[in-house]
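Undergrad: One file is attached below, work.cif, containing mmCIF, C-alpha atoms.
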data_data
#
loop_
_atom_site.group_PDB
_atom_site.id
_atom_site.type_symbol
_atom_site.label_atom_id
_atom_site.label_comp_id
_atom_site.auth_asym_id
_atom_site.auth_seq_id
_atom_site.Cartn_x
_atom_site.Cartn_y
_atom_site.Cartn_z
ATOM 1 C CA MET J 1 83.697 136.699 87.513
ATOM 2 C CA THR J 2 87.328 137.505 88.162
ATOM 3 C CA ASN J 3 90.069 136.018 86.024
ATOM 4 C CA TYR J 4 92.032 135.158 89.140
ATOM 5 C CA SER J 5 92.306 131.473 89.999
ATOM 6 C CA ALA J 6 93.730 129.953 93.146
ATOM 7 C CA PHE J 7 97.524 129.659 93.421
ATOM 8 C CA SER J 8 98.038 131.593 90.189
ATOM 9 C CA TYR J 9 101.067 133.806 89.606
ATOM 10 C CA LYS J 10 100.584 137.543 89.987
ATOM 11 C CA PRO J 11 103.240 139.727 88.309
ATOM 12 C CA GLY J 12 105.033 142.145 90.573
ATOM 13 C CA LYS J 13 108.357 143.732 91.475
ATOM 14 C CA THR J 14 108.252 143.219 95.239
ATOM 15 C CA PHE J 15 111.191 141.886 97.224
ATOM 16 C CA VAL J 16 109.449 138.502 97.526
ATOM 17 C CA HIS J 17 109.059 138.290 93.735
ATOM 18 C CA LYS J 18 112.794 138.939 93.422
ATOM 19 C CA LEU J 19 113.809 136.204 95.859
ATOM 20 C CA PRO J 20 115.388 133.140 94.183
ATOM 21 C CA ALA J 21 112.788 130.445 93.559
ATOM 22 C CA GLN J 22 114.968 127.775 95.177
ATOM 23 C CA LEU J 23 114.814 129.641 98.492
ATOM 24 C CA LYS J 24 111.011 129.655 98.384
ATOM 25 C CA ILE J 25 110.918 125.968 97.444
ATOM 26 C CA LEU J 26 113.226 125.036 100.332
ATOM 27 C CA PHE J 27 111.309 127.279 102.734
ATOM 28 C CA ILE J 28 108.001 125.395 102.342
ATOM 29 C CA PRO J 29 108.985 121.950 103.773
ATOM 30 C CA PHE J 30 111.027 123.444 106.620
ATOM 31 C CA PHE J 31 108.214 125.844 107.477
ATOM 32 C CA ASN J 32 105.622 123.049 107.410
ATOM 33 C CA ILE J 33 107.711 120.856 109.702
ATOM 34 C CA LEU J 34 108.190 123.784 112.080
ATOM 35 C CA ILE J 35 104.480 124.632 112.137
ATOM 36 C CA PHE J 36 103.330 121.070 112.819
ATOM 37 C CA SER J 37 106.008 120.649 115.498
ATOM 38 C CA LEU J 38 104.928 123.698 117.496
ATOM 39 C CA ASN J 39 101.771 124.762 119.306
ATOM 40 C CA TRP J 40 98.806 125.892 117.205
ATOM 41 C CA HIS J 41 99.117 129.379 118.735
ATOM 42 C CA VAL J 42 102.393 129.794 116.823
ATOM 43 C CA ALA J 43 100.580 128.819 113.600
ATOM 44 C CA ALA J 44 97.875 131.400 114.358
ATOM 45 C CA VAL J 45 100.540 134.098 114.750
ATOM 46 C CA PHE J 46 102.101 133.098 111.417
ATOM 47 C CA ILE J 47 98.682 133.268 109.754
ATOM 48 C CA LEU J 48 98.306 136.855 110.921
ATOM 49 C CA LEU J 49 101.858 137.771 109.885
ATOM 50 C CA GLN J 50 101.377 136.241 106.444
ATOM 51 C CA PHE J 51 98.098 138.112 105.969
ATOM 52 C CA ILE J 52 99.946 141.345 106.760
ATOM 53 C CA LEU J 53 102.723 140.388 104.323
ATOM 54 C CA PHE J 54 100.170 139.688 101.585
ATOM 55 C CA PHE J 55 98.640 143.134 102.067
ATOM 56 C CA LEU J 56 102.086 144.728 101.902
ATOM 57 C CA LEU J 57 102.632 142.867 98.621
ATOM 58 C CA LYS J 58 99.374 144.373 97.257
ATOM 59 C CA PHE J 59 97.385 141.128 97.219
ATOM 60 C CA THR J 60 93.666 141.626 97.707
ATOM 61 C CA VAL J 61 91.508 139.933 100.319
ATOM 62 C CA ARG J 62 89.783 137.969 97.544
ATOM 63 C CA GLU J 63 93.086 136.656 96.246
ATOM 64 C CA GLN J 64 94.057 135.552 99.736
ATOM 65 C CA THR J 65 90.759 133.888 100.593
ATOM 66 C CA THR J 66 90.561 132.146 97.203
ATOM 67 C CA ASP J 67 93.819 130.372 97.960
ATOM 68 C CA LEU J 68 92.324 129.112 101.224
ATOM 69 C CA THR J 69 89.909 126.894 99.255
ATOM 70 C CA PRO J 70 91.805 123.649 100.119
ATOM 71 C CA VAL J 71 91.665 124.537 103.821
ATOM 72 C CA ILE J 72 87.920 125.208 103.675
ATOM 73 C CA TRP J 73 87.198 121.928 101.895
ATOM 74 C CA TYR J 74 89.471 119.983 104.236
ATOM 75 C CA ALA J 75 87.893 121.527 107.332
ATOM 76 C CA ALA J 76 84.388 120.821 106.012
ATOM 77 C CA PHE J 77 85.323 117.213 105.280
ATOM 78 C CA MET J 78 86.910 116.645 108.701
ATOM 79 C CA TYR J 79 84.026 118.205 110.603
ATOM 80 C CA LEU J 80 81.437 116.262 108.611
ATOM 81 C CA ILE J 81 83.289 113.007 109.272
ATOM 82 C CA GLY J 82 83.449 113.861 112.967
ATOM 83 C CA PHE J 83 79.784 114.830 113.042
ATOM 84 C CA PHE J 84 78.502 111.620 111.454
ATOM 85 C CA SER J 85 80.916 109.516 113.513
ATOM 86 C CA GLU J 86 79.601 111.000 116.743
ATOM 87 C CA LEU J 87 76.013 110.602 115.532
ATOM 88 C CA TYR J 88 76.668 106.945 114.774
ATOM 89 C CA MET J 89 78.272 106.397 118.189
ATOM 90 C CA ILE J 90 75.323 107.972 120.002
ATOM 91 C CA PHE J 91 72.823 105.573 118.462
ATOM 92 C CA SER J 92 74.983 102.452 118.087
ATOM 93 C CA ASN J 93 76.143 102.521 121.731
ATOM 94 C CA GLY J 94 72.621 102.972 123.004
ATOM 95 C CA ILE J 95 73.252 106.458 124.411
ATOM 96 C CA LEU J 96 69.962 107.471 122.803
ATOM 97 C CA GLU J 97 67.252 105.320 121.335
ATOM 98 C CA LEU J 98 66.719 105.737 117.607
ATOM 99 C CA ILE J 99 63.309 107.378 117.676
ATOM 100 C CA PRO J 100 62.068 110.636 116.097
ATOM 101 C CA ALA J 101 62.028 112.423 119.467
ATOM 102 C CA ASN J 102 65.776 111.855 119.915
ATOM 103 C CA ILE J 103 66.896 112.976 116.441
ATOM 104 C CA LEU J 104 67.300 116.680 117.254
ATOM 105 C CA PRO J 105 69.111 116.104 120.608
ATOM 106 C CA ALA J 106 71.444 113.635 118.874
ATOM 107 C CA LEU J 107 72.185 116.072 116.058
ATOM 108 C CA SER J 108 72.869 118.840 118.554
ATOM 109 C CA GLU J 109 75.172 116.686 120.664
ATOM 110 C CA SER J 110 77.039 115.371 117.616
ATOM 111 C CA ALA J 111 77.597 118.906 116.302
ATOM 112 C CA LYS J 112 78.766 120.086 119.713
ATOM 113 C CA ILE J 113 81.329 117.300 120.018
ATOM 114 C CA ALA J 114 82.500 117.368 116.378
ATOM 115 C CA PHE J 115 82.897 121.147 116.055
ATOM 116 C CA GLY J 116 84.455 121.388 119.498
ATOM 117 C CA ASP J 117 87.183 118.857 118.765
ATOM 118 C CA GLU J 118 90.454 120.596 119.656
ATOM 119 C CA LYS J 119 92.631 118.240 117.583
ATOM 120 C CA THR J 120 90.720 119.046 114.409
ATOM 121 C CA GLN J 121 90.747 122.767 115.182
ATOM 122 C CA ASN J 122 94.510 122.747 115.820
ATOM 123 C CA PHE J 123 95.218 120.828 112.618
ATOM 124 C CA VAL J 124 93.056 123.162 110.530
ATOM 125 C CA VAL J 125 94.887 126.210 111.910
ATOM 126 C CA LYS J 126 98.283 124.663 111.145
ATOM 127 C CA PHE J 127 97.140 123.566 107.699
ATOM 128 C CA CYS J 128 95.989 127.125 107.017
ATOM 129 C CA ALA J 129 99.434 128.526 107.894
ATOM 130 C CA CYS J 130 101.145 125.994 105.618
ATOM 131 C CA ASN J 131 98.667 126.686 102.838
ATOM 132 C CA GLN J 132 99.486 130.390 103.023
ATOM 133 C CA SER J 133 103.207 129.711 102.602
ATOM 134 C CA ALA J 134 102.521 127.613 99.494
ATOM 135 C CA SER J 135 100.240 130.356 98.197
ATOM 136 C CA LEU J 136 103.015 132.911 98.662
ATOM 137 C CA MET J 137 105.393 130.798 96.583
ATOM 138 C CA PHE J 138 102.938 130.302 93.709
ATOM 139 C CA LYS J 139 101.807 133.946 93.743
ATOM 140 C CA THR J 140 105.337 135.318 93.426
ATOM 141 C CA SER J 141 107.021 132.712 91.187
ATOM 142 C CA THR J 142 106.288 131.727 87.605
ATOM 143 C CA SER J 143 106.187 128.057 86.611
ATOM 144 C CA LEU J 144 109.472 128.546 84.743
ATOM 145 C CA GLU J 145 111.123 130.066 87.821
ATOM 146 C CA LEU J 146 109.950 127.130 89.933
ATOM 147 C CA LYS J 147 111.298 124.672 87.359
ATOM 148 C CA HIS J 148 114.693 126.392 87.278
ATOM 149 C CA GLY J 149 114.709 126.568 91.077
ATOM 150 C CA ILE J 150 114.111 122.822 91.380
ATOM 151 C CA GLU J 151 116.803 122.155 88.771
ATOM 152 C CA SER J 152 119.243 124.308 90.735
ATOM 153 C CA ILE J 153 118.497 122.393 93.937
ATOM 154 C CA GLU J 154 118.879 119.001 92.224
ATOM 155 C CA ILE J 155 122.171 120.001 90.587
ATOM 156 C CA LYS J 156 123.621 121.114 93.918
ATOM 157 C CA ILE J 157 122.464 117.916 95.651
ATOM 158 C CA ARG J 158 123.821 115.667 92.890
ATOM 159 C CA ARG J 159 127.095 117.565 92.905
ATOM 160 C CA PHE J 160 127.380 117.246 96.688
ATOM 161 C CA LEU J 161 126.606 113.517 96.602
ATOM 162 C CA SER J 162 129.003 112.813 93.740
ATOM 163 C CA PHE J 163 131.787 110.400 94.713
ATOM 164 C CA ARG J 164 134.138 111.503 91.987
ATOM 165 C CA TRP J 165 137.462 112.997 93.008
ATOM 166 C CA LYS J 166 137.542 115.652 90.334
ATOM 167 C CA GLU J 167 135.480 118.803 90.435
ATOM 168 C CA ILE J 168 132.220 118.646 88.489
ATOM 169 C CA SER J 169 130.739 121.759 86.947
ATOM 170 C CA ASP J 170 127.004 122.385 86.986
ATOM 171 C CA SER J 171 126.912 122.112 83.192
ATOM 172 C CA GLN J 172 128.125 118.491 83.426
ATOM 173 C CA ILE J 173 125.214 117.451 85.635
ATOM 174 C CA GLU J 174 121.916 116.675 83.977
ATOM 175 C CA PRO J 175 118.926 117.122 86.305
ATOM 176 C CA LYS J 176 116.814 113.990 85.951
ATOM 177 C CA PHE J 177 114.060 114.494 88.493
ATOM 178 C CA SER J 178 113.435 118.247 88.389
ATOM 179 C CA VAL J 179 111.109 118.055 85.372
ATOM 180 C CA VAL J 180 108.830 115.527 87.060
ATOM 181 C CA ILE J 181 108.834 117.407 90.371
ATOM 182 C CA SER J 182 108.224 120.789 88.744
ATOM 183 C CA MET J 183 105.352 119.367 86.684
ATOM 184 C CA PHE J 184 103.837 117.928 89.853
ATOM 185 C CA ILE J 185 104.170 121.221 91.742
ATOM 186 C CA ASN J 186 102.824 123.326 88.877
ATOM 187 C CA PHE J 187 99.880 120.978 88.360
ATOM 188 C CA LEU J 188 98.202 122.465 91.453
ATOM 189 C CA PRO J 189 97.674 125.981 90.000
ATOM 190 C CA ALA J 190 96.802 124.375 86.646
ATOM 191 C CA VAL J 191 93.934 122.419 88.241
ATOM 192 C CA PHE J 192 92.515 125.551 89.848
ATOM 193 C CA LYS J 193 92.896 127.449 86.572
ATOM 194 C CA ILE J 194 90.958 124.756 84.704
ATOM 195 C CA TRP J 195 88.267 124.741 87.400
ATOM 196 C CA ASN J 196 87.974 128.537 87.195
ATOM 197 C CA GLN J 197 87.535 128.351 83.412
ATOM 198 C CA LEU J 198 84.860 125.650 83.773
ATOM 199 C CA LYS J 199 82.965 127.769 86.303
ATOM 200 C CA LYS J 200 83.080 130.785 83.979
ATOM 201 C CA SER J 201 81.788 128.639 81.129
ATOM 202 C CA TRP J 202 78.989 127.389 83.389
ATOM 203 C CA ALA J 203 78.090 130.957 84.393
ATOM 204 C CA ALA J 204 78.165 132.099 80.742
ATOM 205 C CA ARG J 205 75.399 129.578 80.064
ATOM 206 C CA ASN J 206 73.345 131.032 82.938
ATOM 207 C CA GLY J 207 74.221 128.118 85.187
ATOM 208 C CA LYS J 208 73.764 128.605 88.929
ATOM 209 C CA VAL J 209 76.134 127.597 91.693
ATOM 210 C CA SER J 210 74.453 124.445 92.951
ATOM 211 C CA LEU J 211 74.980 120.762 93.587
ATOM 212 C CA ARG J 212 74.162 120.112 89.929
ATOM 213 C CA MET J 213 77.063 122.355 88.878
ATOM 214 C CA TYR J 214 79.541 120.209 90.812
ATOM 215 C CA LEU J 215 77.994 116.959 89.543
ATOM 216 C CA VAL J 216 78.360 118.184 85.961
ATOM 217 C CA LEU J 217 81.718 119.959 86.149
ATOM 218 C CA LEU J 218 83.772 117.624 88.355
ATOM 219 C CA PRO J 219 83.873 114.805 85.751
ATOM 220 C CA VAL J 220 84.806 117.423 83.135
ATOM 221 C CA LEU J 221 87.557 118.720 85.435
ATOM 222 C CA PHE J 222 88.914 115.178 85.773
ATOM 223 C CA SER J 223 88.856 114.655 82.000
ATOM 224 C CA VAL J 224 90.408 118.018 81.123
ATOM 225 C CA GLY J 225 93.019 117.553 83.850
ATOM 226 C CA LEU J 226 94.082 114.210 82.375
ATOM 227 C CA LYS J 227 94.284 115.812 78.927
ATOM 228 C CA TYR J 228 96.417 118.648 80.323
ATOM 229 C CA ALA J 229 98.748 116.158 82.032
ATOM 230 C CA SER J 230 99.030 114.084 78.847
ATOM 231 C CA ASP J 231 99.816 117.138 76.693
ATOM 232 C CA SER J 232 102.410 118.351 79.203
ATOM 233 C CA ALA J 233 104.121 114.931 79.216
ATOM 234 C CA LYS J 234 104.213 114.887 75.407
ATOM 235 C CA ALA J 235 105.686 118.397 75.339
ATOM 236 C CA VAL J 236 108.461 117.332 77.719
ATOM 237 C CA CYS J 237 109.246 114.247 75.610
ATOM 238 C CA VAL J 238 109.473 116.345 72.436
ATOM 239 C CA ARG J 239 111.965 118.736 74.043
ATOM 240 C CA GLN J 240 114.258 115.968 75.211
#
Show how you would write the structure in this file as structure tokens.

TA:
Amino acid sequence: MTNYSAFSYKPGKTFVHKLPAQLKILFIPFFNILIFSLNWHVAAVFILLQFILFFLLKFTVREQTTDLTPVIWYAAFMYLIGFFSELYMIFSNGILELIPANILPALSESAKIAFGDEKTQNFVVKFCACNQSASLMFKTSTSLELKHGIESIEIKIRRFLSFRWKEISDSQIEPKFSVVISMFINFLPAVFKIWNQLKKSWAARNGKVSLRMYLVLLPVLFSVGLKYASDSAKAVCVRQ
């Protein structure tokens, strides 16, 4: 198995790696708002452009598709909800009688309606474009760079909102929220890293990818994630 985990930093000297982290952090919300405000065709174009950019930055197809894991799970969840909702409506509204002969036609009709839902399709495409932009930020910025970028943004905002008449230097402003925000942002790649380590441990014990794997590892992921969050909080308290 590869050591790569979703949303993990990949060292490089590309122009995107050299961009200030605060620019990448500010880009994400504005880009997401733009994507969800426009037609899904625009999101599809951005998906293609970002794939091309990833290849230019020497990121492999596997690295790109691994970061699409949240999109895949979200799409599967939405389509399953739509499928079972349509199936329930077919039988509860008396469209078909609940008998063995009608099971296959009902399943077929439910799948046709659920997987043909344009709203879900449009949202998945837009979510994919936004997910790629977040992936680009995490791939080209270390956790320390993201923390410093958030601190820089907070300092500038606090300085702009200051009501004092005298000039305030950046050194006089103590960022109060950047630590919490940076920990929250960096927790995403940490979760995927922990999950990747658990899967490798499972495979090392000749475990197979199956439903049992998820039933066993998901509680462990939750427990290890809480431990990681607790240790990170303690480390921050010690440094203050």

Undergrad: Neighbours of Trp202 in chain J within 12 Å (only C-alpha atoms; same-chain residues fewer than 4 positions away dropped), as a PyMOL selection string?

TA: chain J and resi 1+195-198+206-210+212-214+216-218+220

Undergrad: Between J:Phe46, J:Phe54, J:Phe77, J:Phe30, which one has atoms that come closest to Thr140 in chain J, using all atoms listed in the file?

TA: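 Ranking J:Phe46, J:Phe54, J:Phe77, J:Phe30 by distance to Thr140 in chain J, first place goes to J:Phe54.
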
Undergrad: Near Ser141 in chain J, within 9 Å and counting all atoms listed in the file, which residues show up once chain neighbours fewer than 2 positions away are dropped, as a PyMOL selection string?

TA: chain J and resi 9-11+16-21+24+136-139+143-146

Undergrad: What is the distance, in Å and to one decimal place, between CA of Phe15 in chain J and CA of Phe127 in chain J?

TA: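 So the answer is 25.4 Å.
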
Undergrad: For CA of Glu63 in chain J and CA of Ser232 in chain J, determine how far apart the two atoms are, in Å to one decimal place.

TA: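 Between these atoms lies a distance of 26.7 Å.
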
Undergrad: So, counting only C-alpha atoms, which residue among J:Val124, J:Val180, J:Ile185, J:Leu211 is closest to His41 in chain J?

TA: J:Val124

Undergrad: From the set J:Ile153, J:Ala101, J:Met183, J:Ala75, which residue has the shortest atom-to-atom contact distance to Asp117 in chain J, counting all atoms listed in the file?

TA: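 Of all the options, J:Ala75 lies closest to Asp117 in chain J.
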
Undergrad: Can you pull out every residue within 12 Å of Leu226 in chain J, counting only C-alpha atoms, but drop anything in the same chain fewer than 4 positions away, and send it as a tab-separated table (two decimals) with C-alpha atoms, keeping the file's coordinate frame?

TA:
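And here's out01.tsv as it stands now:
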chain	number	residue	atom	x	y	z
J	187	PHE	CA	99.88	120.98	88.36
J	190	ALA	CA	96.80	124.38	86.65
J	191	VAL	CA	93.93	122.42	88.24
J	194	ILE	CA	90.96	124.76	84.70
J	219	PRO	CA	83.87	114.80	85.75
J	220	VAL	CA	84.81	117.42	83.14
J	221	LEU	CA	87.56	118.72	85.44
J	222	PHE	CA	88.91	115.18	85.77
J	230	SER	CA	99.03	114.08	78.85
J	231	ASP	CA	99.82	117.14	76.69
J	232	SER	CA	102.41	118.35	79.20
J	233	ALA	CA	104.12	114.93	79.22

Undergrad: Which residues match the PyMOL selection byres ((chain J and resi 149-151) around 8) in the file above, as a VMD selection string?

TA: chain J and resid 20 to 22 25 145 to 148 152 to 155 175 178 to 179 181 to 182

Undergrad: Go ahead and fit an axis-aligned box to every listed atom of range 140-144 of chain J plus 6 Å each side, and pass me the centre and edge lengths in Å, one decimal, as JSON.

TA:
{"center_x": 107.4, "center_y": 131.7, "center_z": 89.1, "size_x": 16.1, "size_y": 19.3, "size_z": 20.7}

Undergrad: Pick out the residues sitting within 10 Å of Asp67 in chain J, and hand them over as a PyMOL selection string; count only C-alpha atoms, and ignore anything fewer than 2 positions along from it in its own chain.

TA: chain J and resi 5-8+62-65+69-72+128+131-132+134-136+139+189+192

Undergrad: Output C-alpha atoms of each residue in that selection to a file, as an mmCIF file, keeping the file's coordinate frame.

TA:
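part.cif, written as the output of this step:
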data_model
loop_
_atom_site.group_PDB
_atom_site.id
_atom_site.type_symbol
_atom_site.label_atom_id
_atom_site.label_comp_id
_atom_site.auth_asym_id
_atom_site.auth_seq_id
_atom_site.Cartn_x
_atom_site.Cartn_y
_atom_site.Cartn_z
ATOM 1 C CA SER J 5 92.306 131.473 89.999
ATOM 2 C CA ALA J 6 93.730 129.953 93.146
ATOM 3 C CA PHE J 7 97.524 129.659 93.421
ATOM 4 C CA SER J 8 98.038 131.593 90.189
ATOM 5 C CA ARG J 62 89.783 137.969 97.544
ATOM 6 C CA GLU J 63 93.086 136.656 96.246
ATOM 7 C CA GLN J 64 94.057 135.552 99.736
ATOM 8 C CA THR J 65 90.759 133.888 100.593
ATOM 9 C CA THR J 69 89.909 126.894 99.255
ATOM 10 C CA PRO J 70 91.805 123.649 100.119
ATOM 11 C CA VAL J 71 91.665 124.537 103.821
ATOM 12 C CA ILE J 72 87.920 125.208 103.675
ATOM 13 C CA CYS J 128 95.989 127.125 107.017
ATOM 14 C CA ASN J 131 98.667 126.686 102.838
ATOM 15 C CA GLN J 132 99.486 130.390 103.023
ATOM 16 C CA ALA J 134 102.521 127.613 99.494
ATOM 17 C CA SER J 135 100.240 130.356 98.197
ATOM 18 C CA LEU J 136 103.015 132.911 98.662
ATOM 19 C CA LYS J 139 101.807 133.946 93.743
ATOM 20 C CA PRO J 189 97.674 125.981 90.000
ATOM 21 C CA PHE J 192 92.515 125.551 89.848
#

Undergrad: Enter the distance from CA of Arg159 in chain J to CA of Leu34 in chain J, in Å, rounded to one decimal.

TA: 27.6 Å

Undergrad: Choose the residue, out of J:Arg205, J:Lys13, J:Lys193, J:Ile28, that has the smallest atom-to-atom separation from Leu57 in chain J; count only C-alpha atoms.

TA: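 Nearest candidate to Leu57 in chain J out of J:Arg205, J:Lys13, J:Lys193, J:Ile28: J:Lys13.
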
Undergrad: Would you kindly identify which residues have an atom no farther than 12 Å from (83.4, 124.7, 115.3), using all atoms listed in the file and the file's own coordinates, and write them out as an NGL selection string?

TA: :J and (75-76 or 78-80 or 82-83 or 110-122 or 124)

Undergrad: Using the chain letters and numbers from the file, which residues does the PyMOL selection byres ((chain J and resi 36) around 12) grab, as a JSON list (two decimals) with C-alpha atoms, keeping the file's coordinate frame?

TA:
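The resulting file, result.json, is shown below:
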[["chain", "number", "residue", "atom", "x", "y", "z"],
["J", 29, "PRO", "CA", 108.98, 121.95, 103.77],
["J", 30, "PHE", "CA", 111.03, 123.44, 106.62],
["J", 31, "PHE", "CA", 108.21, 125.84, 107.48],
["J", 32, "ASN", "CA", 105.62, 123.05, 107.41],
["J", 33, "ILE", "CA", 107.71, 120.86, 109.70],
["J", 34, "LEU", "CA", 108.19, 123.78, 112.08],
["J", 35, "ILE", "CA", 104.48, 124.63, 112.14],
["J", 37, "SER", "CA", 106.01, 120.65, 115.50],
["J", 38, "LEU", "CA", 104.93, 123.70, 117.50],
["J", 39, "ASN", "CA", 101.77, 124.76, 119.31],
["J", 40, "TRP", "CA", 98.81, 125.89, 117.20],
["J", 41, "HIS", "CA", 99.12, 129.38, 118.74],
["J", 42, "VAL", "CA", 102.39, 129.79, 116.82],
["J", 43, "ALA", "CA", 100.58, 128.82, 113.60],
["J", 44, "ALA", "CA", 97.88, 131.40, 114.36],
["J", 122, "ASN", "CA", 94.51, 122.75, 115.82],
["J", 123, "PHE", "CA", 95.22, 120.83, 112.62],
["J", 124, "VAL", "CA", 93.06, 123.16, 110.53],
["J", 125, "VAL", "CA", 94.89, 126.21, 111.91],
["J", 126, "LYS", "CA", 98.28, 124.66, 111.14],
["J", 127, "PHE", "CA", 97.14, 123.57, 107.70],
["J", 128, "CYS", "CA", 95.99, 127.12, 107.02],
["J", 129, "ALA", "CA", 99.43, 128.53, 107.89],
["J", 130, "CYS", "CA", 101.14, 125.99, 105.62]]
